[in-house]
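target_20.cif (mmCIF, C-alpha atoms (C1' of nucleotides)) appears below.
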data_protein
loop_
_atom_site.group_PDB
_atom_site.id
_atom_site.type_symbol
_atom_site.label_atom_id
_atom_site.label_comp_id
_atom_site.auth_asym_id
_atom_site.auth_seq_id
_atom_site.Cartn_x
_atom_site.Cartn_y
_atom_site.Cartn_z
ATOM 1 C CA MET F 22 -96.991 -20.683 -75.441
ATOM 2 C CA LYS F 23 -94.761 -20.523 -78.483
ATOM 3 C CA LEU F 24 -91.475 -18.630 -78.328
ATOM 4 C CA ALA F 25 -89.410 -17.990 -81.444
ATOM 5 C CA THR F 26 -86.161 -16.347 -82.466
ATOM 6 C CA TRP F 27 -85.101 -15.166 -85.905
ATOM 7 C CA ASN F 28 -82.116 -13.181 -87.106
ATOM 8 C CA VAL F 29 -83.701 -11.393 -90.078
ATOM 9 C CA ASN F 30 -80.585 -9.564 -91.375
ATOM 10 C CA SER F 31 -82.342 -6.212 -91.949
ATOM 11 C CA LEU F 32 -85.990 -5.773 -90.999
ATOM 12 C CA ASN F 33 -86.324 -3.210 -93.805
ATOM 13 C CA VAL F 34 -85.650 -5.916 -96.352
ATOM 14 C CA ARG F 35 -87.367 -8.763 -94.512
ATOM 15 C CA LEU F 36 -90.506 -7.123 -93.022
ATOM 16 C CA GLN F 37 -92.938 -8.788 -95.409
ATOM 17 C CA GLN F 38 -91.286 -12.173 -94.858
ATOM 18 C CA VAL F 39 -91.598 -11.730 -91.098
ATOM 19 C CA LEU F 40 -95.281 -10.776 -91.394
ATOM 20 C CA ASP F 41 -95.935 -13.722 -93.717
ATOM 21 C CA TRP F 42 -94.120 -16.053 -91.330
ATOM 22 C CA LEU F 43 -96.116 -14.777 -88.340
ATOM 23 C CA ALA F 44 -99.357 -15.256 -90.271
ATOM 24 C CA ALA F 45 -98.403 -18.887 -90.965
ATOM 25 C CA ASN F 46 -96.788 -19.419 -87.547
ATOM 26 C CA PRO F 47 -98.788 -17.475 -84.970
ATOM 27 C CA VAL F 48 -96.256 -17.610 -82.143
ATOM 28 C CA ASP F 49 -96.823 -15.731 -78.895
ATOM 29 C CA VAL F 50 -93.382 -14.153 -78.804
ATOM 30 C CA LEU F 51 -90.882 -13.558 -81.610
ATOM 31 C CA CYS F 52 -87.399 -12.310 -80.788
ATOM 32 C CA ILE F 53 -85.831 -10.574 -83.790
ATOM 33 C CA GLN F 54 -82.151 -9.809 -84.301
ATOM 34 C CA GLU F 55 -80.203 -7.653 -86.752
ATOM 35 C CA LEU F 56 -82.883 -5.056 -87.395
ATOM 36 C CA LYS F 57 -80.271 -2.829 -89.055
ATOM 37 C CA LEU F 58 -82.511 0.204 -88.628
ATOM 38 C CA THR F 59 -82.816 3.145 -86.274
ATOM 39 C CA ASP F 60 -85.601 3.357 -83.687
ATOM 40 C CA ASP F 61 -87.583 5.856 -85.744
ATOM 41 C CA LYS F 62 -87.692 3.446 -88.702
ATOM 42 C CA PHE F 63 -89.160 0.496 -86.791
ATOM 43 C CA PRO F 64 -92.377 -0.654 -88.552
ATOM 44 C CA GLU F 65 -94.556 -0.678 -85.432
ATOM 45 C CA ALA F 66 -97.788 -0.069 -87.362
ATOM 46 C CA ALA F 67 -97.288 -3.131 -89.566
ATOM 47 C CA PHE F 68 -96.949 -5.375 -86.514
ATOM 48 C CA LYS F 69 -99.890 -3.714 -84.801
ATOM 49 C CA GLU F 70 -102.004 -4.350 -87.879
ATOM 50 C CA ALA F 71 -100.960 -8.009 -87.700
ATOM 51 C CA GLY F 72 -102.111 -8.132 -84.082
ATOM 52 C CA TYR F 73 -98.735 -7.905 -82.392
ATOM 53 C CA HIS F 74 -97.193 -5.595 -79.841
ATOM 54 C CA ALA F 75 -93.549 -4.713 -80.288
ATOM 55 C CA VAL F 76 -90.620 -3.239 -78.415
ATOM 56 C CA TRP F 77 -87.309 -2.549 -80.081
ATOM 57 C CA ALA F 78 -83.766 -1.295 -79.650
ATOM 58 C CA GLY F 79 -82.506 -0.040 -82.962
ATOM 59 C CA GLN F 80 -79.238 1.293 -84.289
ATOM 60 C CA LYS F 81 -78.027 2.693 -87.586
ATOM 61 C CA THR F 82 -76.667 0.086 -90.039
ATOM 62 C CA TYR F 83 -75.805 -2.668 -87.556
ATOM 63 C CA ASN F 84 -77.316 -4.851 -84.835
ATOM 64 C CA GLY F 85 -80.702 -3.962 -83.349
ATOM 65 C CA VAL F 86 -83.187 -6.276 -81.611
ATOM 66 C CA ALA F 87 -86.955 -6.438 -81.121
ATOM 67 C CA ILE F 88 -89.525 -8.498 -79.257
ATOM 68 C CA VAL F 89 -92.858 -8.909 -81.040
ATOM 69 C CA SER F 90 -95.666 -10.437 -78.999
ATOM 70 C CA ARG F 91 -99.403 -11.197 -78.915
ATOM 71 C CA MET F 92 -99.696 -9.826 -75.382
ATOM 72 C CA PRO F 93 -97.886 -6.724 -74.207
ATOM 73 C CA GLY F 94 -94.867 -7.451 -72.043
ATOM 74 C CA THR F 95 -93.732 -5.619 -68.921
ATOM 75 C CA SER F 96 -90.495 -4.671 -67.112
ATOM 76 C CA MET F 97 -88.553 -3.964 -70.279
ATOM 77 C CA VAL F 98 -84.792 -3.914 -70.055
ATOM 78 C CA ARG F 99 -82.707 -2.572 -72.929
ATOM 79 C CA ASN F 100 -79.013 -3.572 -73.006
ATOM 80 C CA ILE F 101 -77.157 -5.510 -70.331
ATOM 81 C CA PRO F 102 -77.543 -3.436 -67.144
ATOM 82 C CA GLY F 103 -74.223 -1.962 -66.035
ATOM 83 C CA TYR F 104 -72.463 -2.926 -69.264
ATOM 84 C CA GLU F 105 -71.768 0.163 -71.330
ATOM 85 C CA ASP F 106 -72.258 -0.720 -74.997
ATOM 86 C CA PRO F 107 -73.430 1.444 -77.897
ATOM 87 C CA GLN F 108 -74.278 -1.755 -79.833
ATOM 88 C CA GLN F 109 -77.948 -2.641 -79.464
ATOM 89 C CA ARG F 110 -77.994 -6.355 -78.743
ATOM 90 C CA VAL F 111 -80.300 -7.090 -75.812
ATOM 91 C CA LEU F 112 -83.957 -6.657 -74.897
ATOM 92 C CA ALA F 113 -85.903 -8.319 -72.102
ATOM 93 C CA LEU F 114 -89.629 -8.466 -71.330
ATOM 94 C CA THR F 115 -91.873 -10.330 -68.915
ATOM 95 C CA PHE F 116 -95.022 -12.153 -70.031
ATOM 96 C CA PRO F 117 -97.769 -13.749 -67.968
ATOM 97 C CA SER F 118 -98.367 -17.504 -68.048
ATOM 98 C CA PRO F 119 -100.737 -19.805 -66.133
ATOM 99 C CA GLU F 120 -97.802 -20.725 -63.891
ATOM 100 C CA GLY F 121 -96.469 -17.229 -63.350
ATOM 101 C CA ASP F 122 -94.230 -14.737 -65.091
ATOM 102 C CA VAL F 123 -92.048 -15.864 -67.978
ATOM 103 C CA ARG F 124 -89.022 -13.675 -68.551
ATOM 104 C CA VAL F 125 -87.944 -13.504 -72.194
ATOM 105 C CA VAL F 126 -84.508 -12.229 -73.184
ATOM 106 C CA CYS F 127 -83.775 -11.461 -76.843
ATOM 107 C CA ALA F 128 -80.049 -11.470 -77.576
ATOM 108 C CA TYR F 129 -77.889 -10.757 -80.603
ATOM 109 C CA CYS F 130 -74.529 -11.982 -79.393
ATOM 110 C CA PRO F 131 -71.393 -10.594 -81.078
ATOM 111 C CA ASN F 132 -69.981 -12.470 -84.074
ATOM 112 C CA GLY F 133 -66.325 -12.034 -83.170
ATOM 113 C CA GLN F 134 -65.082 -12.002 -86.782
ATOM 114 C CA SER F 135 -61.909 -14.074 -86.160
ATOM 115 C CA LEU F 136 -59.822 -15.247 -83.245
ATOM 116 C CA ASP F 137 -57.204 -12.534 -83.730
ATOM 117 C CA SER F 138 -59.753 -9.709 -83.939
ATOM 118 C CA ASP F 139 -60.624 -7.031 -81.366
ATOM 119 C CA LYS F 140 -64.184 -8.131 -81.988
ATOM 120 C CA TYR F 141 -63.357 -11.565 -80.621
ATOM 121 C CA VAL F 142 -62.100 -9.975 -77.399
ATOM 122 C CA TYR F 143 -65.322 -7.943 -77.289
ATOM 123 C CA LYS F 144 -67.368 -11.099 -77.876
ATOM 124 C CA LEU F 145 -65.864 -12.898 -74.881
ATOM 125 C CA ALA F 146 -66.173 -9.795 -72.664
ATOM 126 C CA TRP F 147 -69.781 -9.411 -73.777
ATOM 127 C CA TYR F 148 -70.505 -13.039 -72.887
ATOM 128 C CA GLU F 149 -68.991 -12.470 -69.465
ATOM 129 C CA ALA F 150 -71.275 -9.480 -68.892
ATOM 130 C CA MET F 151 -74.231 -11.516 -70.135
ATOM 131 C CA HIS F 152 -73.330 -14.318 -67.739
ATOM 132 C CA LYS F 153 -73.172 -11.935 -64.804
ATOM 133 C CA TRP F 154 -76.531 -10.388 -65.681
ATOM 134 C CA LEU F 155 -78.344 -13.674 -66.382
ATOM 135 C CA ALA F 156 -77.164 -14.991 -63.017
ATOM 136 C CA GLU F 157 -79.306 -12.207 -61.495
ATOM 137 C CA GLU F 158 -82.177 -12.595 -63.957
ATOM 138 C CA ILE F 159 -82.651 -16.297 -63.251
ATOM 139 C CA LYS F 160 -82.764 -15.574 -59.524
ATOM 140 C CA GLN F 161 -85.445 -12.961 -60.050
ATOM 141 C CA TYR F 162 -87.284 -14.913 -62.748
ATOM 142 C CA PRO F 163 -87.219 -18.703 -62.258
ATOM 143 C CA ARG F 164 -89.037 -19.094 -65.592
ATOM 144 C CA LEU F 165 -86.366 -17.632 -67.870
ATOM 145 C CA ALA F 166 -86.060 -18.041 -71.642
ATOM 146 C CA VAL F 167 -83.055 -16.618 -73.485
ATOM 147 C CA LEU F 168 -83.515 -16.600 -77.237
ATOM 148 C CA GLY F 169 -81.311 -15.318 -79.983
ATOM 149 C CA ASP F 170 -78.386 -15.521 -82.326
ATOM 150 C CA TYR F 171 -75.545 -16.698 -80.082
ATOM 151 C CA ASN F 172 -72.987 -16.837 -82.886
ATOM 152 C CA ILE F 173 -71.683 -20.036 -81.283
ATOM 153 C CA ALA F 174 -72.195 -23.625 -82.426
ATOM 154 C CA PRO F 175 -72.236 -25.553 -79.134
ATOM 155 C CA ALA F 176 -70.776 -28.837 -80.396
ATOM 156 C CA ASP F 177 -69.311 -30.461 -83.481
ATOM 157 C CA GLU F 178 -72.697 -31.979 -84.341
ATOM 158 C CA ASP F 179 -73.868 -28.373 -84.840
ATOM 159 C CA VAL F 180 -71.292 -27.830 -87.590
ATOM 160 C CA HIS F 181 -71.619 -29.178 -91.133
ATOM 161 C CA ASN F 182 -67.885 -29.696 -91.457
ATOM 162 C CA PRO F 183 -66.252 -29.778 -88.025
ATOM 163 C CA GLU F 184 -62.800 -30.665 -89.365
ATOM 164 C CA LYS F 185 -62.719 -27.567 -91.558
ATOM 165 C CA TRP F 186 -64.192 -25.357 -88.857
ATOM 166 C CA GLU F 187 -62.028 -26.553 -85.992
ATOM 167 C CA GLY F 188 -60.716 -23.634 -83.954
ATOM 168 C CA GLN F 189 -62.469 -21.047 -86.118
ATOM 169 C CA VAL F 190 -64.652 -18.260 -84.789
ATOM 170 C CA LEU F 191 -68.203 -19.459 -83.934
ATOM 171 C CA VAL F 192 -66.870 -22.863 -82.826
ATOM 172 C CA SER F 193 -63.654 -22.120 -80.883
ATOM 173 C CA GLU F 194 -63.241 -23.604 -77.428
ATOM 174 C CA PRO F 195 -63.248 -20.278 -75.524
ATOM 175 C CA GLU F 196 -66.547 -19.392 -77.199
ATOM 176 C CA ARG F 197 -68.043 -22.786 -76.423
ATOM 177 C CA ALA F 198 -66.878 -22.394 -72.835
ATOM 178 C CA ALA F 199 -68.621 -19.000 -72.678
ATOM 179 C CA LEU F 200 -71.857 -20.607 -73.867
ATOM 180 C CA ARG F 201 -71.463 -23.508 -71.428
ATOM 181 C CA ALA F 202 -71.069 -20.954 -68.630
ATOM 182 C CA LEU F 203 -74.549 -19.631 -69.481
ATOM 183 C CA LEU F 204 -75.932 -23.182 -69.415
ATOM 184 C CA ASP F 205 -74.245 -23.723 -66.043
ATOM 185 C CA LEU F 206 -76.473 -20.992 -64.622
ATOM 186 C CA GLY F 207 -79.320 -23.465 -65.006
ATOM 187 C CA LEU F 208 -80.270 -23.070 -68.656
ATOM 188 C CA THR F 209 -80.798 -25.823 -71.215
ATOM 189 C CA ASP F 210 -80.424 -25.813 -74.995
ATOM 190 C CA SER F 211 -84.059 -26.731 -75.695
ATOM 191 C CA PHE F 212 -83.274 -28.024 -79.193
ATOM 192 C CA ARG F 213 -81.385 -30.967 -77.720
ATOM 193 C CA LEU F 214 -84.262 -31.963 -75.439
ATOM 194 C CA PHE F 215 -85.732 -33.711 -78.465
ATOM 195 C CA GLU F 216 -84.687 -36.062 -81.192
ATOM 196 C CA GLN F 217 -83.689 -33.946 -84.173
ATOM 197 C CA PRO F 218 -82.809 -34.527 -87.794
ATOM 198 C CA GLU F 219 -79.103 -35.076 -88.366
ATOM 199 C CA LYS F 220 -77.271 -32.029 -89.637
ATOM 200 C CA SER F 221 -79.731 -29.517 -88.209
ATOM 201 C CA PHE F 222 -78.508 -25.970 -88.711
ATOM 202 C CA SER F 223 -79.973 -22.480 -88.272
ATOM 203 C CA TRP F 224 -77.556 -20.412 -90.385
ATOM 204 C CA TRP F 225 -76.114 -20.881 -93.843
ATOM 205 C CA ASP F 226 -73.671 -18.499 -95.536
ATOM 206 C CA TYR F 227 -75.047 -16.691 -98.579
ATOM 207 C CA ARG F 228 -71.987 -17.785 -100.547
ATOM 208 C CA GLN F 229 -71.218 -20.983 -102.422
ATOM 209 C CA PHE F 230 -74.790 -22.295 -102.370
ATOM 210 C CA ALA F 231 -74.301 -23.106 -98.697
ATOM 211 C CA PHE F 232 -78.014 -23.620 -98.055
ATOM 212 C CA ARG F 233 -78.452 -25.916 -101.042
ATOM 213 C CA ARG F 234 -75.512 -27.953 -99.743
ATOM 214 C CA ASN F 235 -76.801 -27.693 -96.159
ATOM 215 C CA ALA F 236 -73.386 -26.297 -95.275
ATOM 216 C CA GLY F 237 -74.531 -24.557 -92.123
ATOM 217 C CA LEU F 238 -74.072 -24.071 -88.413
ATOM 218 C CA ARG F 239 -76.531 -24.183 -85.536
ATOM 219 C CA ILE F 240 -75.890 -20.863 -83.814
ATOM 220 C CA ASP F 241 -79.447 -19.693 -82.981
ATOM 221 C CA HIS F 242 -80.708 -21.105 -79.711
ATOM 222 C CA VAL F 243 -83.574 -21.121 -77.245
ATOM 223 C CA LEU F 244 -82.206 -21.589 -73.734
ATOM 224 C CA LEU F 245 -84.719 -22.441 -71.014
ATOM 225 C CA SER F 246 -84.521 -22.566 -67.223
ATOM 226 C CA ALA F 247 -85.596 -25.779 -65.458
ATOM 227 C CA PRO F 248 -89.260 -24.864 -64.804
ATOM 228 C CA LEU F 249 -89.661 -24.098 -68.525
ATOM 229 C CA VAL F 250 -87.763 -27.212 -69.618
ATOM 230 C CA LYS F 251 -90.459 -29.198 -67.792
ATOM 231 C CA ARG F 252 -93.090 -27.479 -69.949
ATOM 232 C CA CYS F 253 -91.228 -27.618 -73.237
ATOM 233 C CA VAL F 254 -92.822 -30.096 -75.661
ATOM 234 C CA ALA F 255 -91.005 -29.164 -78.872
ATOM 235 C CA CYS F 256 -88.173 -27.150 -80.357
ATOM 236 C CA VAL F 257 -87.766 -26.963 -84.120
ATOM 237 C CA ILE F 258 -85.797 -25.063 -86.722
ATOM 238 C CA ASP F 259 -88.069 -23.819 -89.496
ATOM 239 C CA LYS F 260 -85.987 -23.997 -92.676
ATOM 240 C CA GLU F 261 -88.894 -22.870 -94.851
ATOM 241 C CA PRO F 262 -88.160 -19.096 -94.850
ATOM 242 C CA ARG F 263 -84.553 -19.820 -95.859
ATOM 243 C CA ARG F 264 -85.963 -21.030 -99.208
ATOM 244 C CA ASN F 265 -87.607 -17.630 -99.884
ATOM 245 C CA GLU F 266 -86.460 -15.192 -102.516
ATOM 246 C CA GLN F 267 -84.084 -12.750 -100.809
ATOM 247 C CA PRO F 268 -83.973 -14.809 -97.614
ATOM 248 C CA SER F 269 -82.299 -14.028 -94.342
ATOM 249 C CA ASP F 270 -79.199 -16.162 -93.886
ATOM 250 C CA HIS F 271 -80.779 -17.460 -90.642
ATOM 251 C CA ALA F 272 -83.825 -19.665 -90.047
ATOM 252 C CA PRO F 273 -86.309 -19.159 -87.204
ATOM 253 C CA VAL F 274 -86.179 -21.468 -84.169
ATOM 254 C CA VAL F 275 -89.460 -22.148 -82.346
ATOM 255 C CA ALA F 276 -89.927 -23.621 -78.866
ATOM 256 C CA THR F 277 -93.362 -24.745 -77.707
ATOM 257 C CA LEU F 278 -94.287 -24.634 -74.017
ATOM 258 C CA GLU F 279 -97.400 -26.290 -72.624
ATOM 259 C CA PHE F 280 -98.470 -25.212 -69.167
ATOM 260 C CA ALA F 281 -100.555 -27.401 -66.906
ATOM 261 C "C1'" DA L 17 -54.174 -19.938 -101.439
ATOM 262 C "C1'" DT L 18 -58.005 -16.666 -102.405
ATOM 263 C "C1'" DG L 19 -62.594 -15.183 -102.703
ATOM 264 C "C1'" DG L 20 -67.200 -16.230 -103.095
ATOM 265 C "C1'" DT L 21 -72.810 -12.970 -101.044
ATOM 266 C "C1'" DC L 22 -75.547 -10.004 -98.783
ATOM 267 C "C1'" DG L 23 -77.021 -5.260 -96.498
ATOM 268 C "C1'" DC L 24 -75.620 -1.103 -95.168
ATOM 269 C "C1'" DC L 25 -75.109 2.990 -98.173
ATOM 270 C "C1'" DA L 26 -72.294 4.818 -101.660
ATOM 271 C "C1'" DT L 27 -66.893 2.532 -99.706
ATOM 272 C "C1'" DG L 28 -65.400 -0.653 -97.589
ATOM 273 C "C1'" DC L 29 -67.049 -3.066 -93.540
ATOM 274 C "C1'" DG L 30 -69.356 -6.448 -90.941
ATOM 275 C "C1'" DA L 31 -71.473 -10.965 -91.017
#
Taking this structure as input, can you express it in the form of structure tokens?
Amino acid sequence: MKLATWNVNSLNVRLQQVLDWLAANPVDVLCIQELKLTDDKFPEAAFKEAGYHAVWAGQKTYNGVAIVSRMPGTSMVRNIPGYEDPQQRVLALTFPSPEGDVRVVCAYCPNGQSLDSDKYVYKLAWYEAMHKWLAEEIKQYPRLAVLGDYNIAPADEDVHNPEKWEGQVLVSEPERAALRALLDLGLTDSFRLFEQPEKSFSWWDYRQFAFRRNAGLRIDHVLLSAPLVKRCVACVIDKEPRRNEQPSDHAPVVATLEFA
DNA sequence: ATGGTCGCCATGCGA
């Protein structure tokens, strides 16, 4: 079972790239962030034609998430239950596996903008709500996978230039603590289960030839609960789509699970 | 020190 996450930065612009990527990388589940389109504009037919089911939570201009999958999922949840938020950032679905249900959460975590911004306050409050909800989810679903754009680089090794970035948004200690709190629920950053190339990143700014210089951050993650960690045999960042014409600023991250 | 690129949509704003 292959699970992937990709912030596409507008599905309108990136639809063909997503379809091409799925054709070359036939994953079972793809979590998409930053649709930047309303529900009525979601290209369901294109995914259906490619052999994928889809659920989505869209919004005008900003945010928006979708889960695209080979098999239809069940028990869909849209938004963090009990957390009032007009911003569409969360979708959850359950998929069958040989060992029982796998719960997949697709998350587009807030960016935060800067440490002195209201959006930073919102980011930390959002993470707290996420923490509270995931504490319940993992109880209900022992096989839990939380994929998405976390907008947090967990450690300095996930930052191309830690000295320059120190204390900035996306790497600040309160943000890292918020991410660690999710891990403390019993989730693992699957990327670090395996030996990885040095300077592995999942996002590169569009400016200043950041991708060419590999001036990036690793902010897109696949978190797995313990029963799924046992079945995880790989987690890779696919930099290939970042080389496309008109690329997303993020690369997909793919985790491979092998059930007994 | 400042702004640099995208995508939204038509202007600045968010990332």
Where's the centre, and what are the edge lengths in Å to one decimal, of a box along x, y and z enclosing all listed atoms of stretch 270-278 of chain F padded 4 Å per side, as JSON?
{"center_x": -86.7, "center_y": -20.5, "center_z": -84.0, "size_x": 23.1, "size_y": 16.6, "size_z": 27.9}
(message) Contacts from chain L to chain F, 9 Å maximum, only C-alpha atoms (C1' of nucleotides): show me the residue list as a list in words.
(response)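 That gives DG20, DT21, DC22, DG23, DC24, DC25, DG30 and DA31 of chain L for chain L.
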As a PDB file with C-alpha atoms, in the coordinates of the input, please: the residues near F:Gly237 (cut-off 9 Å, only C-alpha atoms (C1' of nucleotides), same-chain neighbours under 2 positions excluded).
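What ended up in selection-v5.pdb:
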ATOM      1  CA  ASP F 179     -73.868 -28.373 -84.840  1.00  0.00           C
ATOM      2  CA  VAL F 180     -71.292 -27.830 -87.590  1.00  0.00           C
ATOM      3  CA  HIS F 181     -71.619 -29.178 -91.133  1.00  0.00           C
ATOM      4  CA  ASN F 182     -67.885 -29.696 -91.457  1.00  0.00           C
ATOM      5  CA  LYS F 220     -77.271 -32.029 -89.637  1.00  0.00           C
ATOM      6  CA  SER F 221     -79.731 -29.517 -88.209  1.00  0.00           C
ATOM      7  CA  PHE F 222     -78.508 -25.970 -88.711  1.00  0.00           C
ATOM      8  CA  SER F 223     -79.973 -22.480 -88.272  1.00  0.00           C
ATOM      9  CA  TRP F 224     -77.556 -20.412 -90.385  1.00  0.00           C
ATOM     10  CA  TRP F 225     -76.114 -20.881 -93.843  1.00  0.00           C
ATOM     11  CA  ASP F 226     -73.671 -18.499 -95.536  1.00  0.00           C
ATOM     12  CA  ALA F 231     -74.301 -23.106 -98.697  1.00  0.00           C
ATOM     13  CA  PHE F 232     -78.014 -23.620 -98.055  1.00  0.00           C
ATOM     14  CA  ARG F 234     -75.512 -27.953 -99.743  1.00  0.00           C
ATOM     15  CA  ASN F 235     -76.801 -27.693 -96.159  1.00  0.00           C
ATOM     16  CA  ARG F 239     -76.531 -24.183 -85.536  1.00  0.00           C
TER      17      ARG F 239
END
(request) List the residues selected by the PyMOL selection byres ((chain F and resi 143) around 12) in the file shown, writing them as a PyMOL selection string. (result) chain F and resi 104-106+108+130-142+144-151+196
(request) Quick one: pull the distance between atom CA of F:Thr115 and atom CA of F:Gly85, Å, one decimal. (result)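 Value for the atom CA of F:Thr115-atom CA of F:Gly85 distance: 19.3 Å.
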(request) Quote the spacing between atom CA of F:Ala128 and atom CA of F:Glu70 in Å to one decimal place. (result) 25.3 Å
(request) Could you check how far atom CA of F:Glu184 sits from atom CA of F:Leu244, in Å to one decimal? (result)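 Answer for the atom CA of F:Glu184 to atom CA of F:Leu244 separation: 26.5 Å.
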(request) Name the residues in contact with F:Leu214 at a cut-off of 10 Å, using all atoms listed in the file, excluding same-chain residues fewer than 3 positions from it; report them as a list in words. (result) Thr209, Asp210, Ser211, Gln217, Val250, Cys253, Val254, Ala255 and Cys256 of chain F
(request) Return as an MDAnalysis selection string the set of residues that the PyMOL selection byres ((chain F and resi 265) around 12) yields on the displayed structure. (result) chainID F and resid 35 37:39 41:42 232 260:264 266:272
With the file shown as input, list the residues that the PyMOL selection byres ((chain F and resi 62) around 10) selects, as a PDB file with C-alpha atoms, keeping the file's coordinate frame.
ATOM      1  CA  LEU F  32     -85.990  -5.773 -90.999  1.00  0.00           C
ATOM      2  CA  ASN F  33     -86.324  -3.210 -93.805  1.00  0.00           C
ATOM      3  CA  LEU F  56     -82.883  -5.056 -87.395  1.00  0.00           C
ATOM      4  CA  LYS F  57     -80.271  -2.829 -89.055  1.00  0.00           C
ATOM      5  CA  LEU F  58     -82.511   0.204 -88.628  1.00  0.00           C
ATOM      6  CA  THR F  59     -82.816   3.145 -86.274  1.00  0.00           C
ATOM      7  CA  ASP F  60     -85.601   3.357 -83.687  1.00  0.00           C
ATOM      8  CA  ASP F  61     -87.583   5.856 -85.744  1.00  0.00           C
ATOM      9  CA  PHE F  63     -89.160   0.496 -86.791  1.00  0.00           C
ATOM     10  CA  PRO F  64     -92.377  -0.654 -88.552  1.00  0.00           C
ATOM     11  CA  GLU F  65     -94.556  -0.678 -85.432  1.00  0.00           C
ATOM     12  CA  GLY F  79     -82.506  -0.040 -82.962  1.00  0.00           C
ATOM     13  CA  GLN F  80     -79.238   1.293 -84.289  1.00  0.00           C
ATOM     14  CA  LYS F  81     -78.027   2.693 -87.586  1.00  0.00           C
TER      15      LYS F  81
END
(message) Under the rule that only C-alpha atoms are counted, which of F:Val48, F:Gly207, F:Gly72, F:Arg91 is the nearest residue to F:Ala166?
(response) F:Gly207
(message) Just want the 7 Å neighbourhood of F:Val111, counted on all atoms listed in the file, with same-chain residues fewer than 5 positions away dropped. Output as a ChimeraX atom specification.
(response) /F:86,99-101,127-129
(request) Using all atoms listed in the file, collect all residues at a distance of at most 12 Å from (-97.6, -14.9, -67.9) as written in the file, then present them as a PyMOL selection string. (result) chain F and resi 22+49-50+91-95+114-125+162+164-165+278+280
Save the residues we just selected, C-alpha atoms, as a JSON list (two decimals), keeping the file's coordinate frame?
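What ended up in again_38.json:
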[["chain", "number", "residue", "atom", "x", "y", "z"],
["F", 22, "MET", "CA", -96.99, -20.68, -75.44],
["F", 49, "ASP", "CA", -96.82, -15.73, -78.90],
["F", 50, "VAL", "CA", -93.38, -14.15, -78.80],
["F", 91, "ARG", "CA", -99.40, -11.20, -78.92],
["F", 92, "MET", "CA", -99.70, -9.83, -75.38],
["F", 93, "PRO", "CA", -97.89, -6.72, -74.21],
["F", 94, "GLY", "CA", -94.87, -7.45, -72.04],
["F", 95, "THR", "CA", -93.73, -5.62, -68.92],
["F", 114, "LEU", "CA", -89.63, -8.47, -71.33],
["F", 115, "THR", "CA", -91.87, -10.33, -68.92],
["F", 116, "PHE", "CA", -95.02, -12.15, -70.03],
["F", 117, "PRO", "CA", -97.77, -13.75, -67.97],
["F", 118, "SER", "CA", -98.37, -17.50, -68.05],
["F", 119, "PRO", "CA", -100.74, -19.80, -66.13],
["F", 120, "GLU", "CA", -97.80, -20.72, -63.89],
["F", 121, "GLY", "CA", -96.47, -17.23, -63.35],
["F", 122, "ASP", "CA", -94.23, -14.74, -65.09],
["F", 123, "VAL", "CA", -92.05, -15.86, -67.98],
["F", 124, "ARG", "CA", -89.02, -13.68, -68.55],
["F", 125, "VAL", "CA", -87.94, -13.50, -72.19],
["F", 162, "TYR", "CA", -87.28, -14.91, -62.75],
["F", 164, "ARG", "CA", -89.04, -19.09, -65.59],
["F", 165, "LEU", "CA", -86.37, -17.63, -67.87],
["F", 278, "LEU", "CA", -94.29, -24.63, -74.02],
["F", 280, "PHE", "CA", -98.47, -25.21, -69.17]]
